[in-house]
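**Student:** Following this message is one structure expressed as structure tokens.
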Amino acid sequence: MPDVAPSYKRILLKLSGEALMGDQGHGIDPKIVSRLADEIRLVLQLGVQICLVIGGGNIFRGLQGAAAGMDRAQADYMGMLATVINSLAMQSALERIGVPTRVQSAISMQMLCEPYIRRRALRHMEKGRIVIFAAGTGNPFFTTDTAAALRASEMECDALLKATKVDGVYSADPKHDPSAERHERLSYMDVLSRDLQVMDAAAISLARENSIPILVFSIHNIGGLADVVRGQGRFTIITEEAKT
Ligand code: UDP
């Protein structure tokens, strides 16, 4: 494939916790985390600055805890701790393949990682390090999607890449509905008004306010992340204007 320059200088990659669990149904599959680390290294080698937000749904979700009778805020803090576990697993996988990585947590945990300091995170990326933002926004009642849009805005990222199980945004779940249509481009308003399940409304609104395009792509295609960063491969792009 001819060398195509990356379309973005700095990206934020949002991985759900489920992306780390593979076929296990729960927890972390180290083989999957290694493969994801390889994908991320490929993009770094293209000269792109990268930061990451990783979810915690493979370990604990606040809403599930609340449904089982727990205090919602308490359950959400547990969910945020789950994201720290995932972030440390990814840091370990990245450093094993020679990629310098820093974890910055929205909840102070100085024995494990740095606290979130915006200017320090920017400096890390300028030096070629990957920064993983752990513990979401640090606040209950939020999601890691919102954390991703928030950090992408703070880091002045050129794009927010949301890795999913499918290669874009569909009108319905393509795994269950064979007639589901895939969207090539959407506007932020399309996603909000049609309630397309891409990211929660707070995340979409934040990306919109800061004019950060959201690219939705499949994490299962090998080399897929590097393709998307070069404007190749299959993805749905969400911007202010949806070209038809
Ligand atoms: N969470 C939170 N505040 C945040 C981010 C996350 O309270 O800013 C909690 C929330 O309970 C959530 C859990 O952490 O259910 C795991 O995050 P999320 O569900 O977004 O992970 P994903 O679905 O991406 O794996």
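Just remember, in the structure tokens the first chain shown is A, the second B, etc., residues are 1-based per chain, and ligands are 1-based in the order shown.
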If you count only C-alpha atoms and all ligand atoms, which residues end up within 9 Å of ligand 1, as number ranges by chain?
**Tutor:** A: 14-20, 53-65, 72-83, 106, 134-148
**Student:** For Arg96 in chain A, list every protein, DNA or RNA residue within 12 Å, evaluated using only C-alpha atoms, and leave out those in the same chain fewer than 4 positions away; present the list as a PyMOL selection string.
**Tutor:** chain A and resi 30+33-35+37-38+41+89-92+100-101
**Student:** Could you save the residues just selected, with N, CA, C and O atoms, as a compact mmCIF listing (two decimals), in the first residue's frame?
**Tutor:**
# COMPACT_ATOMS: atom_id res chain seq x y z
N PRO A 30 -4.80 -10.62 28.03
CA PRO A 30 -3.51 -9.99 27.73
C PRO A 30 -3.13 -10.06 26.25
O PRO A 30 -2.46 -9.16 25.73
N VAL A 33 -4.89 -7.19 24.60
CA VAL A 33 -4.28 -5.91 24.98
C VAL A 33 -2.97 -5.72 24.21
O VAL A 33 -2.67 -4.63 23.72
N SER A 34 -2.22 -6.80 24.02
CA SER A 34 -0.97 -6.73 23.25
C SER A 34 -1.25 -6.35 21.80
O SER A 34 -0.53 -5.54 21.21
N ARG A 35 -2.29 -6.94 21.24
CA ARG A 35 -2.61 -6.62 19.84
C ARG A 35 -3.01 -5.15 19.71
O ARG A 35 -2.60 -4.46 18.79
N ALA A 37 -2.03 -2.77 21.60
CA ALA A 37 -0.80 -1.99 21.79
C ALA A 37 -0.02 -1.93 20.46
O ALA A 37 0.51 -0.87 20.09
N ASP A 38 0.00 -3.04 19.73
CA ASP A 38 0.68 -3.05 18.42
C ASP A 38 0.03 -2.05 17.47
O ASP A 38 0.71 -1.34 16.73
N ARG A 41 1.05 1.40 18.44
CA ARG A 41 2.44 1.70 18.09
C ARG A 41 2.57 2.05 16.60
O ARG A 41 3.32 2.95 16.23
N ALA A 89 -2.97 -1.98 32.60
CA ALA A 89 -2.72 -3.14 31.72
C ALA A 89 -2.23 -2.66 30.36
O ALA A 89 -1.28 -3.22 29.78
N MET A 90 -2.85 -1.62 29.84
CA MET A 90 -2.44 -1.10 28.52
C MET A 90 -1.05 -0.47 28.60
O MET A 90 -0.23 -0.64 27.71
N GLN A 91 -0.76 0.24 29.68
CA GLN A 91 0.57 0.83 29.84
C GLN A 91 1.64 -0.27 29.81
O GLN A 91 2.66 -0.15 29.13
N SER A 92 1.36 -1.34 30.52
CA SER A 92 2.31 -2.43 30.57
C SER A 92 2.53 -3.04 29.18
O SER A 92 3.67 -3.29 28.76
N PRO A 100 7.04 4.41 25.22
CA PRO A 100 6.95 5.07 26.53
C PRO A 100 5.53 5.60 26.78
O PRO A 100 4.95 6.24 25.91
N THR A 101 5.00 5.29 27.94
CA THR A 101 3.58 5.58 28.22
C THR A 101 3.43 6.13 29.65
O THR A 101 4.10 5.67 30.56
**Student:** Quick check, in Å to one decimal: how far apart do CA of Gln232 in chain A and CA of Cys157 in chain A lie?
**Tutor:**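 Answer for the CA of Gln232 in chain A to CA of Cys157 in chain A separation: 19.1 Å.
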**Student:** If we count only C-alpha atoms and set the cut-off at 7 Å, which residues sit around Tyr8 in chain A, ignoring sequence neighbours fewer than 6 positions away in its own chain? Please answer as a ChimeraX atom specification.
**Tutor:** /A:48,158-159,229
**Student:** Mind writing the picked residues with N, CA and C atoms as a short mmCIF file (atom, residue, chain, number, x, y, z; two decimals), in the first residue's frame?
**Tutor:**
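again15.cif, freshly written:
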data_model
loop_
_atom_site.label_atom_id
_atom_site.label_comp_id
_atom_site.auth_asym_id
_atom_site.auth_seq_id
_atom_site.Cartn_x
_atom_site.Cartn_y
_atom_site.Cartn_z
N VAL A 48 2.11 10.44 14.69
CA VAL A 48 0.90 11.01 15.28
C VAL A 48 1.02 10.98 16.81
N ASP A 158 -7.09 16.62 17.15
CA ASP A 158 -7.69 16.87 15.83
C ASP A 158 -8.82 15.89 15.55
N ALA A 159 -8.87 14.80 16.31
CA ALA A 159 -9.94 13.82 16.09
C ALA A 159 -10.08 12.94 17.32
N VAL A 229 -6.51 6.58 10.63
CA VAL A 229 -5.74 7.81 10.85
C VAL A 229 -5.25 8.38 9.51
#
**Student:** So that I can see what lies close to Asp195 in chain A, please list as a PyMOL selection string the residues with an atom at most 12 Å from it, counting only C-alpha atoms and leaving out residues fewer than 5 positions away in the same chain.
**Tutor:** chain A and resi 169-172+188-190+200-201+204
**Student:** Identify, on the basis of only C-alpha atoms, every residue whose closest approach to Gly231 in chain A does not exceed 12 Å; exclude the query and any residue fewer than 6 positions from it along the same chain; express the result as a PDB file with C-alpha atoms, in the first residue's frame.
**Tutor:**
ATOM      1  CA  ASP A   3       2.468   5.549   2.045  1.00  0.00           C
ATOM      2  CA  VAL A   4      -0.283   8.009   2.813  1.00  0.00           C
ATOM      3  CA  ALA A   5       0.409  10.724   5.350  1.00  0.00           C
ATOM      4  CA  PRO A   6      -1.760  10.736   8.456  1.00  0.00           C
ATOM      5  CA  SER A   7      -4.718  13.118   8.391  1.00  0.00           C
ATOM      6  CA  TYR A   8      -4.271  14.134  12.035  1.00  0.00           C
ATOM      7  CA  ALA A 159      -9.935  13.823  16.090  1.00  0.00           C
ATOM      8  CA  LEU A 161     -11.451   7.896  17.418  1.00  0.00           C
ATOM      9  CA  LEU A 215     -14.449   8.660  13.796  1.00  0.00           C
ATOM     10  CA  PHE A 217     -14.316   2.256  13.353  1.00  0.00           C
ATOM     11  CA  GLY A 224      -7.453  -0.672  11.090  1.00  0.00           C
ATOM     12  CA  LEU A 225      -6.446   2.121  13.433  1.00  0.00           C
ATOM     13  CA  ILE A 237     -17.056  10.326  10.409  1.00  0.00           C
TER      14      ILE A 237
END
**Student:** Rounded to one decimal in Å, what is the spacing between CA of Glu184 in chain A and CA of Thr236 in chain A?
**Tutor:**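 We find that CA of Glu184 in chain A and CA of Thr236 in chain A lie 4.8 Å from each other.
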**Student:** By how many Å are CA of Met155 in chain A and CA of Asp227 in chain A apart?
**Tutor:**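 Spanning CA of Met155 in chain A to CA of Asp227 in chain A is a straight-line distance of 22.3 Å.
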**Student:** Just the strand (DSSP E or B) stuff from range 64-147 of chain A, please, per backbone DSSP, written as a PyMOL selection string.
**Tutor:** chain A and resi 101-105+114-115+130-134
**Student:** As a ChimeraX atom specification, please: the residues near Arg118 in chain A (cut-off 12 Å, only C-alpha atoms, same-chain neighbours under 6 positions excluded).
**Tutor:** /A:51,104-106,124-125,131,133,150-156
**Student:** Output the selection as a tab-separated table (two decimals), in the first residue's frame - N, CA, C and O atoms for each residue.
**Tutor:**
chain	number	residue	atom	x	y	z
A	51	CYS	N	-3.27	10.06	22.63
A	51	CYS	CA	-3.68	9.84	24.02
A	51	CYS	C	-4.89	8.89	24.00
A	51	CYS	O	-5.55	8.74	22.97
A	104	GLN	N	-2.28	9.01	33.54
A	104	GLN	CA	-2.68	10.13	34.38
A	104	GLN	C	-4.11	9.87	34.84
A	104	GLN	O	-5.01	9.69	34.02
A	105	SER	N	-4.28	9.88	36.16
A	105	SER	CA	-5.61	9.55	36.69
A	105	SER	C	-6.34	10.80	37.17
A	105	SER	O	-5.74	11.69	37.78
A	106	ALA	N	-7.64	10.83	36.92
A	106	ALA	CA	-8.48	11.93	37.40
A	106	ALA	C	-8.73	11.80	38.90
A	106	ALA	O	-9.19	12.74	39.54
A	124	HIS	N	4.13	15.37	27.55
A	124	HIS	CA	4.41	13.94	27.31
A	124	HIS	C	4.21	13.60	25.84
A	124	HIS	O	5.03	12.94	25.22
A	125	MET	N	3.08	14.07	25.31
A	125	MET	CA	2.78	13.72	23.91
A	125	MET	C	3.79	14.35	22.95
A	125	MET	O	4.21	13.73	21.99
A	131	VAL	N	-0.16	9.02	26.34
A	131	VAL	CA	-0.76	9.33	27.64
A	131	VAL	C	-2.10	8.62	27.73
A	131	VAL	O	-2.93	8.72	26.82
A	133	PHE	N	-5.47	8.45	29.91
A	133	PHE	CA	-6.24	9.15	30.93
A	133	PHE	C	-7.14	8.15	31.63
A	133	PHE	O	-8.06	7.60	31.03
A	150	LEU	N	-14.03	15.17	26.68
A	150	LEU	CA	-13.44	16.22	27.53
A	150	LEU	C	-11.92	16.30	27.34
A	150	LEU	O	-11.37	17.37	27.08
A	151	ARG	N	-11.27	15.15	27.45
A	151	ARG	CA	-9.80	15.17	27.32
A	151	ARG	C	-9.39	15.52	25.89
A	151	ARG	O	-8.40	16.22	25.68
A	152	ALA	N	-10.15	15.06	24.91
A	152	ALA	CA	-9.82	15.40	23.51
A	152	ALA	C	-9.90	16.92	23.33
A	152	ALA	O	-9.08	17.52	22.63
A	153	SER	N	-10.87	17.54	24.00
A	153	SER	CA	-11.01	19.00	23.91
A	153	SER	C	-9.83	19.68	24.61
A	153	SER	O	-9.22	20.60	24.08
A	154	GLU	N	-9.53	19.21	25.82
A	154	GLU	CA	-8.43	19.83	26.58
A	154	GLU	C	-7.08	19.66	25.89
A	154	GLU	O	-6.23	20.54	25.96
A	155	MET	N	-6.91	18.52	25.25
A	155	MET	CA	-5.62	18.22	24.58
A	155	MET	C	-5.57	18.81	23.16
A	155	MET	O	-4.61	18.59	22.45
A	156	GLU	N	-6.65	19.48	22.78
A	156	GLU	CA	-6.75	20.05	21.43
A	156	GLU	C	-6.45	19.00	20.36
A	156	GLU	O	-5.65	19.21	19.44
